[in-house]
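Heads up, model.txt below (compact mmCIF, C-alpha atoms):
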# COMPACT_ATOMS: atom_id res chain seq x y z
CA MET A 25 -17.88 9.18 24.67
CA PRO A 26 -17.01 9.89 21.04
CA ALA A 27 -17.76 7.34 18.36
CA LEU A 28 -15.04 4.90 17.46
CA ALA A 29 -15.24 5.51 13.72
CA LEU A 30 -12.97 3.01 12.04
CA ALA A 31 -12.50 3.03 8.27
CA LEU A 32 -11.68 -0.67 8.23
CA ALA A 33 -10.13 -2.68 5.45
CA LEU A 34 -11.21 -6.25 4.84
CA PRO A 35 -11.85 -8.60 6.51
CA LEU A 36 -14.69 -7.36 8.67
CA ALA A 37 -14.06 -10.09 11.22
CA ALA A 38 -11.67 -7.59 12.79
CA CYS A 39 -14.70 -5.66 14.09
CA GLY A 40 -15.82 -6.31 17.67
CA ASN A 41 -14.14 -7.25 20.89
CA GLY A 42 -15.70 -10.53 21.91
CA ASP A 43 -18.37 -13.10 21.40
CA ASP A 44 -20.98 -11.48 23.64
CA GLY A 45 -21.43 -8.18 21.75
CA ALA A 46 -19.80 -6.17 24.54
CA THR A 47 -16.53 -4.31 24.96
CA ALA A 48 -13.89 -5.16 27.54
CA ASP A 49 -15.38 -2.60 29.97
CA GLY A 50 -18.82 -4.20 29.73
CA ARG A 51 -20.44 -1.59 27.50
CA ALA A 52 -22.72 -2.88 24.77
CA GLU A 53 -21.13 -2.75 21.33
CA LEU A 54 -22.81 -2.11 18.00
CA THR A 55 -21.08 -2.69 14.66
CA VAL A 56 -22.48 -0.63 11.78
CA LEU A 57 -21.39 -1.26 8.20
CA ALA A 58 -22.11 1.85 6.14
CA ALA A 59 -21.52 3.55 2.80
CA ALA A 60 -18.43 5.77 2.75
CA SER A 61 -20.54 8.88 2.11
CA LEU A 62 -22.15 8.41 5.54
CA THR A 63 -18.85 8.68 7.42
CA ASP A 64 -19.21 12.14 8.92
CA VAL A 65 -22.93 12.17 9.64
CA PHE A 66 -22.92 8.70 11.22
CA ASP A 67 -20.07 9.83 13.47
CA GLN A 68 -22.32 12.71 14.57
CA LEU A 69 -25.28 10.42 15.10
CA ALA A 70 -23.20 8.01 17.16
CA THR A 71 -22.27 10.39 19.97
CA PRO A 72 -25.75 10.93 21.46
CA PHE A 73 -26.67 7.30 20.75
CA GLU A 74 -23.68 6.03 22.74
CA GLU A 75 -24.53 8.30 25.66
CA GLU A 76 -28.18 7.27 25.67
CA HIS A 77 -27.51 3.53 25.43
CA ASP A 78 -24.22 3.26 27.35
CA ALA A 79 -22.81 1.64 24.23
CA THR A 80 -19.90 1.85 21.83
CA VAL A 81 -20.64 2.17 18.12
CA THR A 82 -17.94 0.78 15.84
CA PHE A 83 -18.12 1.62 12.14
CA SER A 84 -16.84 -0.01 8.98
CA PHE A 85 -17.18 2.48 6.13
CA GLY A 86 -16.63 1.56 2.49
CA SER A 87 -18.26 0.66 -0.80
CA SER A 88 -21.92 -0.28 -0.33
CA THR A 89 -21.50 -3.15 -2.77
CA ASP A 90 -18.49 -4.60 -0.94
CA LEU A 91 -20.15 -4.31 2.47
CA ALA A 92 -23.39 -5.88 1.28
CA GLU A 93 -21.52 -8.79 -0.30
CA GLN A 94 -19.65 -9.37 2.95
CA VAL A 95 -22.75 -9.49 5.15
CA ALA A 96 -24.47 -11.68 2.55
CA ASP A 97 -21.57 -14.10 3.03
CA GLY A 98 -22.13 -14.06 6.78
CA ALA A 99 -19.60 -11.46 7.93
CA PRO A 100 -20.33 -10.17 11.46
CA GLY A 101 -22.24 -6.95 11.96
CA ASP A 102 -25.39 -5.50 13.47
CA VAL A 103 -26.59 -2.90 10.95
CA LEU A 104 -26.05 -2.32 7.23
CA ALA A 105 -26.56 1.08 5.56
CA THR A 106 -26.11 1.38 1.79
CA ALA A 107 -26.21 4.13 -0.80
CA ASP A 108 -28.46 2.28 -3.22
CA SER A 109 -31.17 -0.35 -3.36
CA THR A 110 -29.10 -2.72 -5.50
CA SER A 111 -26.46 -3.14 -2.80
CA MET A 112 -29.05 -3.60 -0.07
CA GLY A 113 -30.76 -6.10 -2.38
CA LEU A 114 -27.68 -8.32 -2.25
CA ALA A 115 -28.10 -8.62 1.50
CA GLU A 116 -31.88 -9.00 1.24
CA ASP A 117 -31.57 -11.80 -1.30
CA ALA A 118 -29.21 -13.59 1.06
CA GLY A 119 -31.84 -13.40 3.80
CA VAL A 120 -29.68 -11.50 6.28
CA THR A 121 -31.64 -8.23 6.60
CA VAL A 122 -34.57 -7.26 8.81
CA ASP A 123 -37.00 -4.40 8.06
CA VAL A 124 -35.18 -2.39 5.39
CA GLU A 125 -35.98 1.34 5.53
CA THR A 126 -35.13 4.32 3.30
CA PHE A 127 -33.77 7.18 5.39
CA ALA A 128 -32.11 9.84 3.22
CA THR A 129 -31.22 11.03 -0.28
CA ASN A 130 -28.20 12.68 -1.85
CA VAL A 131 -27.32 14.41 -5.12
CA LEU A 132 -24.19 14.39 -7.26
CA THR A 133 -22.06 17.52 -7.56
CA ILE A 134 -18.72 18.61 -9.03
CA VAL A 135 -16.00 19.42 -6.51
CA VAL A 136 -12.80 21.28 -7.32
CA PRO A 137 -9.83 22.29 -5.15
CA LYS A 138 -10.11 25.59 -3.32
CA GLY A 139 -9.65 28.42 -5.81
CA ASN A 140 -10.70 26.20 -8.72
CA PRO A 141 -7.30 26.43 -10.48
CA ALA A 142 -8.55 24.62 -13.60
CA GLY A 143 -11.45 27.04 -14.00
CA ILE A 144 -14.11 24.34 -14.16
CA GLU A 145 -17.67 25.65 -14.31
CA THR A 146 -19.72 22.85 -15.90
CA LEU A 147 -19.50 19.17 -16.81
CA ASP A 148 -18.39 20.21 -20.31
CA ASP A 149 -15.14 21.55 -18.82
CA LEU A 150 -14.12 18.06 -17.69
CA ALA A 151 -12.93 17.35 -21.26
CA ASP A 152 -9.87 19.53 -20.68
CA ALA A 153 -9.24 18.58 -17.05
CA THR A 154 -7.84 15.79 -14.91
CA TRP A 155 -10.91 14.50 -13.13
CA VAL A 156 -12.00 11.45 -11.17
CA ARG A 157 -15.15 9.60 -10.23
CA CYS A 158 -16.24 6.41 -8.50
CA ALA A 159 -15.92 3.03 -10.20
CA ASP A 160 -18.88 1.89 -12.30
CA GLU A 161 -20.00 -0.87 -9.93
CA VAL A 162 -20.38 1.24 -6.78
CA PRO A 163 -23.40 3.51 -6.13
CA CYS A 164 -21.63 6.84 -6.64
CA GLY A 165 -20.22 5.52 -9.91
CA LYS A 166 -23.62 4.38 -11.15
CA VAL A 167 -25.09 7.80 -10.41
CA ALA A 168 -22.14 9.52 -12.10
CA LEU A 169 -22.66 7.43 -15.22
CA ALA A 170 -26.35 8.36 -15.30
CA VAL A 171 -25.65 12.08 -14.88
CA LEU A 172 -22.86 12.08 -17.47
CA ASP A 173 -25.04 10.22 -19.94
CA ALA A 174 -27.96 12.59 -19.38
CA ASN A 175 -25.65 15.51 -20.17
CA GLN A 176 -23.98 13.74 -23.13
CA ILE A 177 -20.54 13.98 -21.54
CA THR A 178 -18.01 11.57 -23.04
CA ALA A 179 -14.83 12.80 -21.33
CA GLU A 180 -12.90 9.97 -19.66
CA PRO A 181 -11.79 10.23 -16.00
CA ALA A 182 -8.13 9.98 -15.02
CA SER A 183 -9.05 7.26 -12.53
CA LEU A 184 -11.99 5.31 -11.13
CA GLU A 185 -12.01 5.24 -7.34
CA GLU A 186 -13.26 2.53 -4.97
CA ASP A 187 -15.71 4.83 -3.17
CA VAL A 188 -16.79 8.45 -2.91
CA ARG A 189 -14.29 9.32 -0.17
CA SER A 190 -11.36 8.13 -2.27
CA THR A 191 -12.68 10.31 -5.09
CA LEU A 192 -12.96 13.30 -2.79
CA ASP A 193 -9.46 12.77 -1.42
CA LYS A 194 -7.96 13.04 -4.92
CA VAL A 195 -9.48 16.51 -5.23
CA VAL A 196 -8.62 17.68 -1.72
CA SER A 197 -4.99 16.63 -2.23
CA GLY A 198 -4.78 18.44 -5.58
CA GLU A 199 -4.17 15.24 -7.54
CA ALA A 200 -7.27 15.95 -9.61
CA ASP A 201 -8.75 19.15 -11.03
CA ALA A 202 -12.25 17.94 -10.27
CA GLY A 203 -14.28 15.02 -8.99
CA LEU A 204 -17.87 13.85 -9.03
CA VAL A 205 -19.04 13.23 -5.47
CA TYR A 206 -22.15 13.66 -3.37
CA ALA A 207 -23.14 17.13 -2.22
CA THR A 208 -22.77 16.03 1.40
CA ASP A 209 -19.11 15.16 0.87
CA ALA A 210 -18.43 18.71 -0.26
CA VAL A 211 -20.16 19.97 2.89
CA ALA A 212 -18.12 17.61 5.08
CA VAL A 213 -14.71 18.97 4.01
CA GLY A 214 -15.78 22.61 4.10
CA ASP A 215 -13.33 25.12 2.65
CA ASP A 216 -10.99 22.44 1.30
CA VAL A 217 -13.05 22.26 -1.88
CA GLU A 218 -15.57 24.26 -3.86
CA ALA A 219 -18.81 22.69 -5.05
CA ILE A 220 -20.34 23.30 -8.46
CA GLU A 221 -23.99 22.34 -8.85
CA ILE A 222 -24.92 20.12 -11.78
CA PRO A 223 -28.22 21.20 -13.37
CA GLY A 224 -30.62 18.29 -13.51
CA ALA A 225 -28.61 16.09 -11.13
CA GLY A 226 -31.66 15.90 -8.90
CA ASP A 227 -33.25 13.64 -11.50
CA ASP A 228 -30.76 10.94 -10.44
CA LEU A 229 -30.96 11.08 -6.68
CA THR A 230 -29.13 8.57 -4.51
CA SER A 231 -31.33 6.93 -1.88
CA TYR A 232 -29.94 5.42 1.33
CA TYR A 233 -31.22 2.24 2.96
CA VAL A 234 -30.68 0.85 6.45
CA ALA A 235 -31.51 -2.50 8.01
CA THR A 236 -30.66 -4.59 11.03
CA LEU A 237 -28.86 -7.86 10.29
CA GLU A 238 -29.87 -11.39 11.18
CA GLN A 239 -26.35 -12.09 12.47
CA SER A 240 -26.54 -9.25 14.99
CA GLU A 241 -25.49 -10.21 18.51
CA ASP A 242 -27.76 -7.49 19.94
CA ALA A 243 -30.89 -7.22 17.80
CA ASP A 244 -32.57 -4.75 20.18
CA LEU A 245 -29.62 -2.34 20.12
CA ALA A 246 -29.40 -2.66 16.32
CA ALA A 247 -33.11 -1.82 16.04
CA ASP A 248 -32.56 1.17 18.32
CA TRP A 249 -29.87 2.48 15.93
CA VAL A 250 -32.21 2.21 12.95
CA ALA A 251 -34.95 3.93 14.94
CA TRP A 252 -32.54 6.74 15.87
CA VAL A 253 -31.36 7.28 12.29
CA THR A 254 -34.95 7.42 11.02
CA SER A 255 -36.28 9.54 13.89
CA GLU A 256 -37.19 13.21 13.55
CA GLU A 257 -34.01 14.29 15.35
CA GLY A 258 -31.87 11.87 13.37
CA ARG A 259 -33.24 13.25 10.12
CA ARG A 260 -32.57 16.79 11.33
CA ILE A 261 -28.91 15.87 11.81
CA LEU A 262 -28.88 14.29 8.35
CA ALA A 263 -30.44 17.43 6.86
CA ASP A 264 -27.86 19.67 8.56
CA ALA A 265 -25.17 17.54 6.87
CA GLY A 266 -26.77 18.15 3.47
CA PHE A 267 -28.83 14.98 3.04
CA GLY A 268 -32.31 15.18 1.61
CA ALA A 269 -35.47 13.55 2.90
CA PRO A 270 -36.30 10.05 1.61

Could you render the structure from this file as structure tokens?
Amino acid sequence: MPALALALALPLAACGNGDDGATADGRAELTVLAAASLTDVFDQLATPFEEEHDATVTFSFGSSTDLAEQVADGAPGDVLATADSTSMGLAEDAGVTVDVETFATNVLTIVVPKGNPAGIETLDDLADATWVRCADEVPCGKVALAVLDANQITAEPASLEEDVRSTLDKVVSGEADAGLVYATDAVAVGDDVEAIEIPGAGDDLTSYYVATLEQSEDADLAADWVAWVTSEEGRRILADAGFGAP
């Protein structure tokens, strides 16, 4: 059964179909709150997991910071996966996480629409282009700021987006000449964009963290998801999607 990947808006209380952690047909249900940049690869990971556990995995993808703040405030969920330690720290400080693990890394890249109509080749070319990046407070924005600062780039973006997928969408739709996103996002949309490597971007890697949540209605199933993501096969799937090892 394919994963029910839902890009949900707030509030997260909309996730789930009952008080017993099961769907209407009796299958176990797992709710995973995850960084937007994990959308495609978590969908891939969900399919074999659902088959193995006779379960339904429901996702809420979005800004790591927003999701962590929600679970820290007691929002329902079984697993949290973030794109930085600061966001996961919000949940840890609130005492709602169990056994936090690092499971992957990512690197920032420039993406441009297919054909690269603005002729962008380096970060320096952003000065004469309409470009976008993530907002300062979210992980992809923090990494973008670090990379831009390291390269002494002062060009201002046309907009600051709520997460990496919103940034990518502006480029795919042609609303922006370029965007700063993770390398895996460029892989996910294939020929819709072209990726331009940023020299030295590997010095500011993004690390991903995953943990089960204290408010989980099925702690064993939540732990199984974390074990699957961090397993050898899970990491192979992550690597095929462009993620690096932790």

Q. Leu91 of chain A: which residues within 10 Å, counting all atoms listed in the file, same-chain residues fewer than 2 positions away excluded, as a PyMOL selection string?
A. chain A and resi 34+36+57-59+84-89+93-97+99+104-106+111-112+114-115

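Computed from the coordinates, the atom CA of Val135 of chain A to atom CA of Val65 of chain A distance equals 19.0 Å.
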
Q. Can you tell me how far atom CA of Asp201 of chain A sits from atom CA of Trp155 of chain A, in Å to one decimal?
A.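 Those two atoms sit 5.5 Å apart.
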
Q) Hey, can you check how far atom CA of Ile222 of chain A sits from atom CA of Thr133 of chain A? A) 5.7 Å

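In terms of minimum interatomic distance to Glu186 of chain A, A:Asp90 ranks closest within A:Glu241, A:Asp64, A:Asp102, A:Asp90, counting all atoms listed in the file.
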
(Q) Taking 3 positions as the minimum chain separation for residues in the same chain, which residues sit within 8 Å of Val103 of chain A when counting only C-alpha atoms? Answer as a ChimeraX atom specification. (A) /A:55-57,234-237,240,246,250

**Q.** Contacts of Thr80 of chain A at 7 Å (only C-alpha atoms; same-chain gap of 3+ positions) as a count of residues only
**A.** 6

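The smallest atom-to-atom distance between Ala210 of chain A and any of A:Ala70, A:Leu169, A:Val136, A:Ala263, using only C-alpha atoms, is found for A:Val136.
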
Q: List the neighbours of Ala251 of chain A out to 12 Å using all atoms listed in the file; skip same-chain residues closer than 4 positions along the sequence, and give me the result as an NGL selection string.
A: :A and (69 or 73 or 103 or 123-127 or 234-236 or 244-247 or 255-259)
